[in-house]
$ cat structure.cif   # mmCIF, C-alpha atoms
data_data
loop_
_atom_site.label_atom_id
_atom_site.label_comp_id
_atom_site.auth_asym_id
_atom_site.auth_seq_id
_atom_site.Cartn_x
_atom_site.Cartn_y
_atom_site.Cartn_z
CA MET G 1 -25.81 -79.27 101.17
CA ALA G 2 -27.95 -76.35 100.10
CA GLU G 3 -28.00 -73.03 101.86
CA ILE G 4 -30.98 -72.71 104.22
CA ASN G 5 -32.64 -69.31 104.59
CA ILE G 6 -35.18 -69.08 107.38
CA PHE G 7 -37.04 -65.92 108.23
CA SER G 8 -39.04 -65.40 111.38
CA GLU G 9 -41.29 -62.78 112.88
CA ASN G 10 -42.75 -62.69 116.37
CA ILE G 11 -45.97 -60.69 116.77
CA TYR G 12 -46.80 -62.22 120.17
CA SER G 13 -45.85 -59.96 123.07
CA GLY G 14 -46.14 -62.67 125.73
CA TRP G 15 -42.81 -64.36 124.89
CA GLN G 16 -39.79 -62.80 123.28
CA VAL G 17 -38.53 -65.92 121.54
CA ASP G 18 -34.81 -66.13 120.87
CA GLU G 19 -35.48 -66.17 117.12
CA LYS G 20 -31.85 -66.64 116.08
CA SER G 21 -31.51 -69.70 118.30
CA PHE G 22 -34.69 -71.28 116.93
CA ILE G 23 -33.69 -70.49 113.35
CA ASP G 24 -30.44 -72.36 114.04
CA THR G 25 -32.45 -75.22 115.56
CA ALA G 26 -34.73 -75.33 112.51
CA ARG G 27 -31.69 -75.51 110.20
CA GLU G 28 -30.27 -78.41 112.22
CA ILE G 29 -33.62 -80.22 112.16
CA LEU G 30 -34.00 -79.77 108.39
CA ARG G 31 -30.47 -81.05 107.80
CA PHE G 32 -31.17 -84.01 110.08
CA TYR G 33 -34.39 -84.88 108.21
CA LEU G 34 -32.77 -84.63 104.78
CA ALA G 35 -30.05 -87.06 105.91
CA GLN G 36 -32.55 -89.74 107.01
CA ASP G 37 -33.11 -92.58 104.54
CA GLU G 38 -36.85 -92.59 105.33
CA ILE G 39 -37.08 -88.94 104.28
CA LYS G 40 -34.19 -88.38 101.87
CA ASN G 41 -35.79 -89.87 98.76
CA CYS G 42 -39.49 -89.29 99.39
CA ASN G 43 -39.84 -85.61 100.24
CA CYS G 44 -40.96 -82.80 97.96
CA LEU G 45 -37.34 -81.75 97.25
CA SER G 46 -36.02 -85.12 96.12
CA ASP G 47 -36.53 -84.73 92.35
CA TYR G 48 -35.21 -81.16 92.09
CA GLU G 49 -31.91 -79.35 91.81
CA TYR G 50 -31.55 -76.27 93.99
CA ASP G 51 -28.95 -74.20 95.80
CA THR G 52 -31.13 -72.68 98.50
CA ILE G 53 -34.10 -73.76 100.61
CA SER G 54 -36.14 -71.06 102.29
CA PHE G 55 -39.18 -70.88 104.55
CA ASP G 56 -40.73 -68.63 107.18
CA PHE G 57 -41.92 -68.81 110.76
CA LEU G 58 -44.59 -66.53 112.17
CA TYR G 59 -44.94 -66.60 115.94
CA CYS G 60 -48.30 -65.29 117.09
CA ASP G 61 -51.14 -66.14 119.48
CA SER G 62 -54.08 -68.53 119.16
CA LYS G 63 -56.43 -65.65 118.31
CA LYS G 64 -54.40 -65.14 115.12
CA THR G 65 -54.30 -68.87 114.27
CA HIS G 66 -58.08 -68.95 114.78
CA GLU G 67 -58.47 -66.10 112.26
CA ILE G 68 -56.14 -67.83 109.77
CA ASN G 69 -57.87 -71.19 110.25
CA LYS G 70 -61.26 -69.58 109.57
CA GLU G 71 -60.16 -67.53 106.58
CA TYR G 72 -57.92 -70.00 104.76
CA ARG G 73 -58.94 -73.45 105.99
CA ASN G 74 -62.66 -73.06 106.81
CA LYS G 75 -61.98 -74.35 110.34
CA ASP G 76 -63.46 -72.44 113.26
CA TYR G 77 -60.94 -73.07 116.03
CA PRO G 78 -57.49 -71.89 117.11
CA ALA G 79 -54.54 -74.09 116.24
CA ASP G 80 -51.16 -74.49 117.88
CA ILE G 81 -49.56 -74.76 114.42
CA ILE G 82 -50.63 -74.07 110.84
CA THR G 83 -48.37 -74.96 107.94
CA PHE G 84 -48.70 -73.60 104.43
CA ALA G 85 -46.52 -76.03 102.49
CA ILE G 86 -46.44 -74.01 99.28
CA PHE G 87 -43.92 -76.14 97.39
CA ALA G 88 -45.10 -79.57 98.59
CA ASP G 89 -48.78 -78.77 98.06
CA THR G 90 -48.29 -77.46 94.51
CA ASP G 91 -48.75 -79.88 91.62
CA LYS G 92 -45.35 -81.27 90.56
CA ASN G 93 -45.74 -79.77 87.08
CA GLU G 94 -46.34 -76.30 88.54
CA ARG G 95 -43.66 -76.13 91.23
CA PHE G 96 -41.55 -73.01 91.05
CA ILE G 97 -37.79 -72.74 91.56
CA PHE G 98 -36.45 -69.21 91.18
CA ASP G 99 -32.72 -68.65 90.76
CA GLY G 100 -31.94 -72.01 92.37
CA GLU G 101 -34.11 -71.28 95.42
CA ILE G 102 -37.05 -73.34 96.62
CA ASN G 103 -39.49 -71.61 98.96
CA LEU G 104 -41.10 -74.36 101.04
CA GLY G 105 -43.71 -72.09 102.64
CA GLU G 106 -44.64 -70.84 106.08
CA VAL G 107 -45.12 -72.27 109.55
CA ILE G 108 -47.38 -70.31 111.91
CA ILE G 109 -47.08 -71.13 115.60
CA ALA G 110 -49.29 -69.91 118.46
CA LEU G 111 -46.88 -69.23 121.31
CA ASP G 112 -49.64 -68.98 123.93
CA LYS G 113 -50.62 -72.56 123.04
CA ILE G 114 -46.95 -73.62 123.39
CA ILE G 115 -46.81 -72.11 126.89
CA GLU G 116 -50.09 -73.86 127.86
CA GLU G 117 -48.83 -77.19 126.51
CA ALA G 118 -45.51 -76.91 128.34
CA ASP G 119 -47.34 -76.19 131.61
CA LYS G 120 -49.73 -79.08 131.02
CA LYS G 121 -46.97 -81.58 130.18
CA GLY G 122 -44.40 -80.28 132.64
CA THR G 123 -41.86 -79.59 129.89
CA THR G 124 -40.16 -76.35 128.90
CA LYS G 125 -41.71 -73.97 126.42
CA GLU G 126 -38.46 -74.16 124.43
CA TYR G 127 -38.86 -77.93 124.07
CA GLU G 128 -42.49 -77.55 122.98
CA LEU G 129 -41.53 -74.88 120.45
CA ALA G 130 -38.74 -77.06 119.03
CA PHE G 131 -41.24 -79.95 118.84
CA LEU G 132 -43.68 -77.87 116.77
CA ILE G 133 -40.88 -76.49 114.60
CA SER G 134 -39.82 -80.06 113.82
CA HIS G 135 -43.45 -80.92 113.05
CA GLY G 136 -43.90 -77.95 110.74
CA ILE G 137 -40.73 -78.76 108.82
CA LEU G 138 -42.00 -82.27 108.11
CA HIS G 139 -45.20 -80.76 106.70
CA LEU G 140 -43.13 -78.36 104.57
CA LEU G 141 -41.28 -81.39 103.19
CA GLY G 142 -44.60 -82.95 102.15
CA PHE G 143 -45.32 -85.32 105.03
CA ASP G 144 -48.78 -85.51 106.55
CA HIS G 145 -50.50 -87.57 109.22
CA GLN G 146 -53.85 -88.68 107.87
CA THR G 147 -53.37 -92.25 109.08
CA GLU G 148 -52.16 -93.64 112.39
CA GLU G 149 -49.10 -95.08 110.64
CA ASP G 150 -48.22 -91.65 109.17
CA TYR G 151 -48.80 -89.99 112.55
CA ASN G 152 -46.49 -92.48 114.28
CA PHE G 153 -43.83 -91.93 111.60
CA ILE G 154 -43.98 -88.15 112.05
CA ILE G 155 -43.87 -88.27 115.85
CA GLY G 156 -41.01 -90.79 115.72
CA MET G 157 -39.03 -88.57 113.33
CA GLN G 158 -39.68 -85.51 115.48
CA ASN G 159 -38.40 -87.30 118.56
CA LYS G 160 -35.25 -88.44 116.69
CA ALA G 161 -34.64 -84.92 115.36
CA LEU G 162 -35.05 -83.32 118.77
CA LYS G 163 -32.72 -85.83 120.38
CA ALA G 164 -30.15 -85.28 117.62
CA THR G 165 -30.31 -81.51 118.12
CA GLY G 166 -30.01 -81.71 121.90
CA TYR G 167 -33.61 -81.18 122.96
CA VAL G 168 -34.65 -83.63 125.63
CA LYS G 169 -38.06 -83.86 127.18
CA VAL G 170 -37.77 -82.74 130.78
#

$ encode --input "structure.cif" --output "structure tokens"
Amino acid sequence: MAEINIFSENIYSGWQVDEKSFIDTAREILRFYLAQDEIKNCNCLSDYEYDTISFDFLYCDSKKTHEINKEYRNKDYPADIITFAIFADTDKNERFIFDGEINLGEVIIALDKIIEEADKKGTTKEYELAFLISHGILHLLGFDHQTEEDYNFIIGMQNKALKATGYVKV
């Protein structure tokens, strides 16, 4: 299996996320996804040779995701998660692999939204963060949820990944 490099930065002062722990979780989730038959042969990596997969997490607040949504997506609202799937969203003929490394892109997560969601659902903020991390990784791999069938597939995969990595909904 390829080396997985994940970088993270937390610019939200309301929660000092254990970044190392969630980087480890993200690695486990990515490995889990790439081992699933439903994902293995139909993700953006499947036709390429590579030694390293890399991507980034930015933890921020919903004010920042609102700014990013407005500037880059022409959407005037805050989001709990924004994914820039650089590799998956690039035309196959223009995808870039440098020195055996594929950069999948960036996942931006609003931690204040995570905290709100955990309170609303009665779950832990760690569970909600792992849930969004698993969601963002699927987007980085080229999966989207434009149809109900796609949405159900993504949510089902997320639930399987979280269970496999030890996250249970409280």

$ closest_residue --input "structure.cif" --among "G:Tyr50, G:Phe98, G:Phe143, G:Phe131" --to "Thr165 in chain G" --atoms "only C-alpha atoms"
G:Phe131

$ atom_distance --input "structure.cif" --atom1 "CA of Thr65 in chain G" --atom2 "CA of Ile155 in chain G"
22.1 Å

$ closest_residue --input "structure.cif" --among "G:Ala2, G:Leu104, G:Ala35, G:Ile11" --to "Lys64 in chain G" --atoms "all atoms listed in the file"
G:Ile11

$ atom_distance --input "structure.cif" --atom1 "CA of Phe87 in chain G" --atom2 "CA of Asn103 in chain G"
6.5 Å

$ residues_around --input "structure.cif" --residues "Asp47 in chain G" --least-positions-apart "6" --cutoff "12 Å" --atoms "all atoms listed in the file" --output "list of chain:residue names"
G:Lys40, G:Asn41, G:Ala88, G:Lys92, G:Asn93, G:Arg95
